[in-house]
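Here is the structure we will look at.
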Amino acid sequence: MDKRKERLDRGIKVRTEGIYAISSWRGIAYVLLPTLSFILVMLTLPLIVPSTTWQRIMTIACIFALLALSFDFLAHFVGIVCLGGAFFTGVGGYISGLLNSAFGLPMAITIPIATIAGGAICTLFLIPCLPIRGIYFAIVSLMYPILFHRVIQALNIFGGTDGLPGLATFPNIWVELYSIIPITLLLTFGLRRLVNEDFGIVLRAIKDNDQAVRASNINIAWYKTKAVYIASAIGCFAGACLAHLYGWVGLSLFALDFSIFPIAATVVGGGGTLVGPIIGAFILAPLSEMLRAFGPLRVVFYSLILAGLVIYKTEGLLPFLQRKYHQFERWTEV
Amino acid sequence: MNIFIFGLVNSVILALIASGFALVYGVSRLANFAHGALYILVGFATWLFLNRLGINYIGSILLSIIIVSAIGAAIYRLLLIRVKGMPASEIIASLAIGIAIMELFRWRGFISEAYMLPPFVKGSVNIAGVFIDWQRLIIIGVGLGMMLFLWLFTHHTKVGLSLRAIAQDKHASIMSGIEPDRTAVISLAMGSALAGIAAVVILPLGNITVETGYMVLTNAIAVCIIGGLGSWAGVFAGAFLLGFTEILTAALIGPQWQMVVVLLFIILTLILKPSGLLGRQKELEERV
Amino acid sequence: MKEDFVLQVKGVNKSFGGVKAVDNVSFNVFKGDILGIIGPNGSGKTTLVNLITGFVKADSGTVFAGEKKLTGLAPDKIAGLGIVRTFQIPRPYHSLSAIKNLVVPLYSSRIMRTIGGKLGDRDTVALDILEEIGFERDAHVPYKLASAFSEGYLKRLELARCLALKPHVIIMDELFSGLSVSEIAAMIPMVERLQMNGITIMMVEHRVRELFQLANRVMVMNFGEKIAEDVPDNIMKSDIVKQAYLGVT
């Protein structure tokens, strides 16, 4: 007797689609449970973990989560593969660091400025490769961090190879955690809202078929520019936070880790979900921290994870969980 | 004169390191971001064979080139073949593989002055008042030899012709019985071997470092973008343009600016002529 | 007389690597026309559409819409002037539902200000357009992902995308190709209604029978050249057309 696996939507999923979600308390709970539990876990995680070291790892994970979020947004909702996470962290970090060390501005001012101005600077540099399709954007965004690294080294500006030490830091770990985590959540759900609004619909349409969008009287270069600005501003924010976490900016802000790690996190968590990359970052950051003792092997480790997951086209953790939540499987006779 | 000779050497170096990348991209439309890693892999492998296993120099070189072309073929056959046709995944996967290889070397501690290959022939000669070491002349010789070989190979052998056929029109070639996966494997094996040959002739000029791998990757990509992705004439034009500009920059402004010039060139190319100097950009026609 | 032209094509040329795809073609499209363009495969019909709508740059020659020169404008600007096109192979935004597919043109600068900005306003307009073009309103159809639609629906969606832009000229690139006879029969009244609403139509078509029924003028192309232009009856009798199409001498 042959059998095959059948996958069906749970009844409650069907009953809670659209407006019918509010027909019963159970339906409301079913719809809200995943989101609420995610938020709750994110907010309570710092209280549960055993030591300040681990709390610090949580903040680092958040930084990487933001970078992963920006990668996922560009890659899966606009169709731009950006390998330049390090570009964003570098630019954001240096702007924030310079403002703090040269003008003595407080963190509450430097971080927003770094976010807004940094995003603009990164976007300006990336505009030339926006109208072209293909692999150019990936290549150029990968090269920019190397370029900036070299320029700073060559000109010996911004502290040269030593970087800028002695920047303002967060007063304590709690302020640090409970300012970065909520912002991460806010940005995640903000972006998720955005991609379902009309503006986001246009971006997703550009990803699917850019020629038809052009034929619909929409200037795709302009919309891509806006999308890149959003993504790079998020990345610059992450970089600025990083500068103030360590109280130091240096050339290592342009390191390849910041480009590769977010992509790995996105692939682990599941691309195109926006929440997935956050989960991915919170899985990979502690793992990578545990491997810190091995030095460069860390990079080898997550490069291999990344290559493996990309090559075997895994769906990612979040889509897997979603499927389990919404559907059940059973064996049926053929 | 100085600038001319060193510019020429530099151009040939660039052409050598870019040719492998260009071959793979031209034939299989695959941007092999592991190119730089394969390059230093050959360097370290040759060093290991030479110094640890005591194989003679020529033997080590041949052995490591054979190994790297096998690795190149294996990377495609076992791994990249699964993501064929998805440019984003191809780039991410090959880059990740490349980084893994390079950082593995860094982890094993291959970072010191000790790792260098001896030049083939020691000493230097005086050409028109410029002292130039033999190794650099050998590079030019190998570069010219390689171009000749590639030209003969792609124009007069069956395999070479099938590679060109696939590069020109994939569907028509498939209809004539050329298997795209096989040619892609061949192109990766050859591309890796080219990276290997480039590595063994160029690396004796300095130390073998992990950073060289990243440099080679960016340079190869730069040459290909400036010359036009998928165009052979473009590779040479791009290599010479970039080669001389780099040397001029180093002489007039300072060597630390070389890298900046490379990137500046890429950006300018993308703004002014995205298809590169000699690249033929496919008209929209086919996609509409 | 001149103001009656909605499109004026003057001596456009385009070659792709030595092959003349469009060779010195000139014609006018009058207001309220349905101009049919026929020709064997590879005769340059689609290239002509691409040239007019800005997707391909002409080597020489100009295209005017009234007083406005279209040559050199970007495709999105030309669409903004109300000259819109369908694509031969409909490639919808497959990750979006039919309704959201129409939100995209409704978000264009041409239409943006005519619709309210609140979330859902565009969806309502999109639903109206879809109904007009033959999508069942209350069923789940408009909410299905575009990737789930059959060819017939995709062609209609393609037309709907154009209508959302409130055009005065629609250039249809083989709208009927790939459709069954009954699907075409359902489309014909739709095209007629568009004409009655004052939209000028230019149809590139292989389905000669249906085209001759609709068009009031027909232009024939072969090897990139315009070989004839006349009312359908004369075209049918013309020897030069028979020669191009059937190889009859």
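Residue numbering restarts at 1 for every chain of the structure tokens, chains are lettered A, B, ... in their displayed order, and ligands are numbered from 1 as they appear.
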
Exercise for the section: May I have the residues within 12 Å of C:Gln213 as JSON, numbers by chain, using only C-alpha atoms and disregarding those fewer than 6 positions away in the same chain? Expected result: {"C": [34, 35, 36, 185, 188, 189, 191, 192, 207, 231, 232, 233, 236]}

Handout entry: Counting only C-alpha atoms, chain A residues within 6 Å of chain C, as a ChimeraX atom specification
Key = /A:202,205,208,214-219

I need the chosen residues saved as a PDB file, in the first residue's frame, with C-alpha atoms.
```pdb
ATOM      1  CA  VAL A 202       5.949  48.925  -5.613  1.00  0.00           C
ATOM      2  CA  ALA A 205       6.932  44.679  -7.945  1.00  0.00           C
ATOM      3  CA  ASP A 208       9.411  40.655  -9.693  1.00  0.00           C
ATOM      4  CA  ARG A 214       8.827  51.137 -15.734  1.00  0.00           C
ATOM      5  CA  ALA A 215       5.968  50.717 -18.183  1.00  0.00           C
ATOM      6  CA  SER A 216       3.647  51.793 -15.357  1.00  0.00           C
ATOM      7  CA  ASN A 217       5.105  55.300 -15.173  1.00  0.00           C
ATOM      8  CA  ILE A 218       7.232  54.619 -12.121  1.00  0.00           C
ATOM      9  CA  ASN A 219      10.846  55.715 -11.958  1.00  0.00           C
TER      10      ASN A 219
END
```

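Selecting chain A residues within 7 Å of chain B and counting only C-alpha atoms yields Val81, Pro128, Cys129, Ile135, Leu147, Val151, Ala154, Gly295, Pro296, Leu297, Val299, Val300, Ser303, Leu304, Leu306, Ala307, Val310 and Ile311 of chain A.
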
Export of prior selection with C-alpha atoms as a PDB file, in the first residue's frame:
```
ATOM      1  CA  VAL A  81      21.876  41.824  -3.269  1.00  0.00           C
ATOM      2  CA  PRO A 128      25.810  54.568  -9.672  1.00  0.00           C
ATOM      3  CA  CYS A 129      25.158  50.832  -9.622  1.00  0.00           C
ATOM      4  CA  ILE A 135      25.887  41.305 -10.234  1.00  0.00           C
ATOM      5  CA  LEU A 147      38.076  51.164  -0.394  1.00  0.00           C
ATOM      6  CA  VAL A 151      41.560  55.546   2.111  1.00  0.00           C
ATOM      7  CA  ALA A 154      46.396  55.996   3.177  1.00  0.00           C
ATOM      8  CA  GLY A 295      40.175  33.375  15.965  1.00  0.00           C
ATOM      9  CA  PRO A 296      39.815  33.324  12.186  1.00  0.00           C
ATOM     10  CA  LEU A 297      38.198  29.894  12.364  1.00  0.00           C
ATOM     11  CA  VAL A 299      34.825  33.277   9.941  1.00  0.00           C
ATOM     12  CA  VAL A 300      35.511  29.886   8.357  1.00  0.00           C
ATOM     13  CA  SER A 303      31.191  31.023   5.840  1.00  0.00           C
ATOM     14  CA  LEU A 304      30.739  27.271   5.632  1.00  0.00           C
ATOM     15  CA  LEU A 306      26.367  30.114   4.839  1.00  0.00           C
ATOM     16  CA  ALA A 307      27.649  28.249   1.790  1.00  0.00           C
ATOM     17  CA  VAL A 310      22.630  28.600   0.357  1.00  0.00           C
ATOM     18  CA  ILE A 311      23.696  25.634  -1.744  1.00  0.00           C
TER      19      ILE A 311
END
```

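Those residues of chain C that fall within 12 Å of chain B when using only C-alpha atoms read Lys14, Ser15, Phe16, Gly17, Ala21, Gly44, Lys45, Thr46, Thr47, Leu48, Val49, Asn50, Leu51, Thr53, Gly54, Phe55, Val56, Lys57, Ala58, Arg85, Thr86, Phe87, Gln88, Ile89, Pro90, Arg91 and Asp173 of chain C.
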
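The residue that comes closest to B:Ala189, out of B:Val12, B:Leu53, B:Val27, B:Ile174 and on the basis of only C-alpha atoms, is B:Val27.
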
Handout entry: Residues near stretch 35-51 of chain B, cut-off 8 Å, only C-alpha atoms, skip fewer than 6 positions along chain, as a ChimeraX atom specification
Key = /B:20-21,57,60-61,63-65,68,72,98-99,101-102,115-117,192,195-196,198-200,203,208-210,212-217

Problem - Backbone-only DSSP, alpha helix (DSSP H) members of stretch 151-253 of chain A, as an MDAnalysis selection string - result: chainID A and resid 151:155 173:196 198:208 210:214 220:246
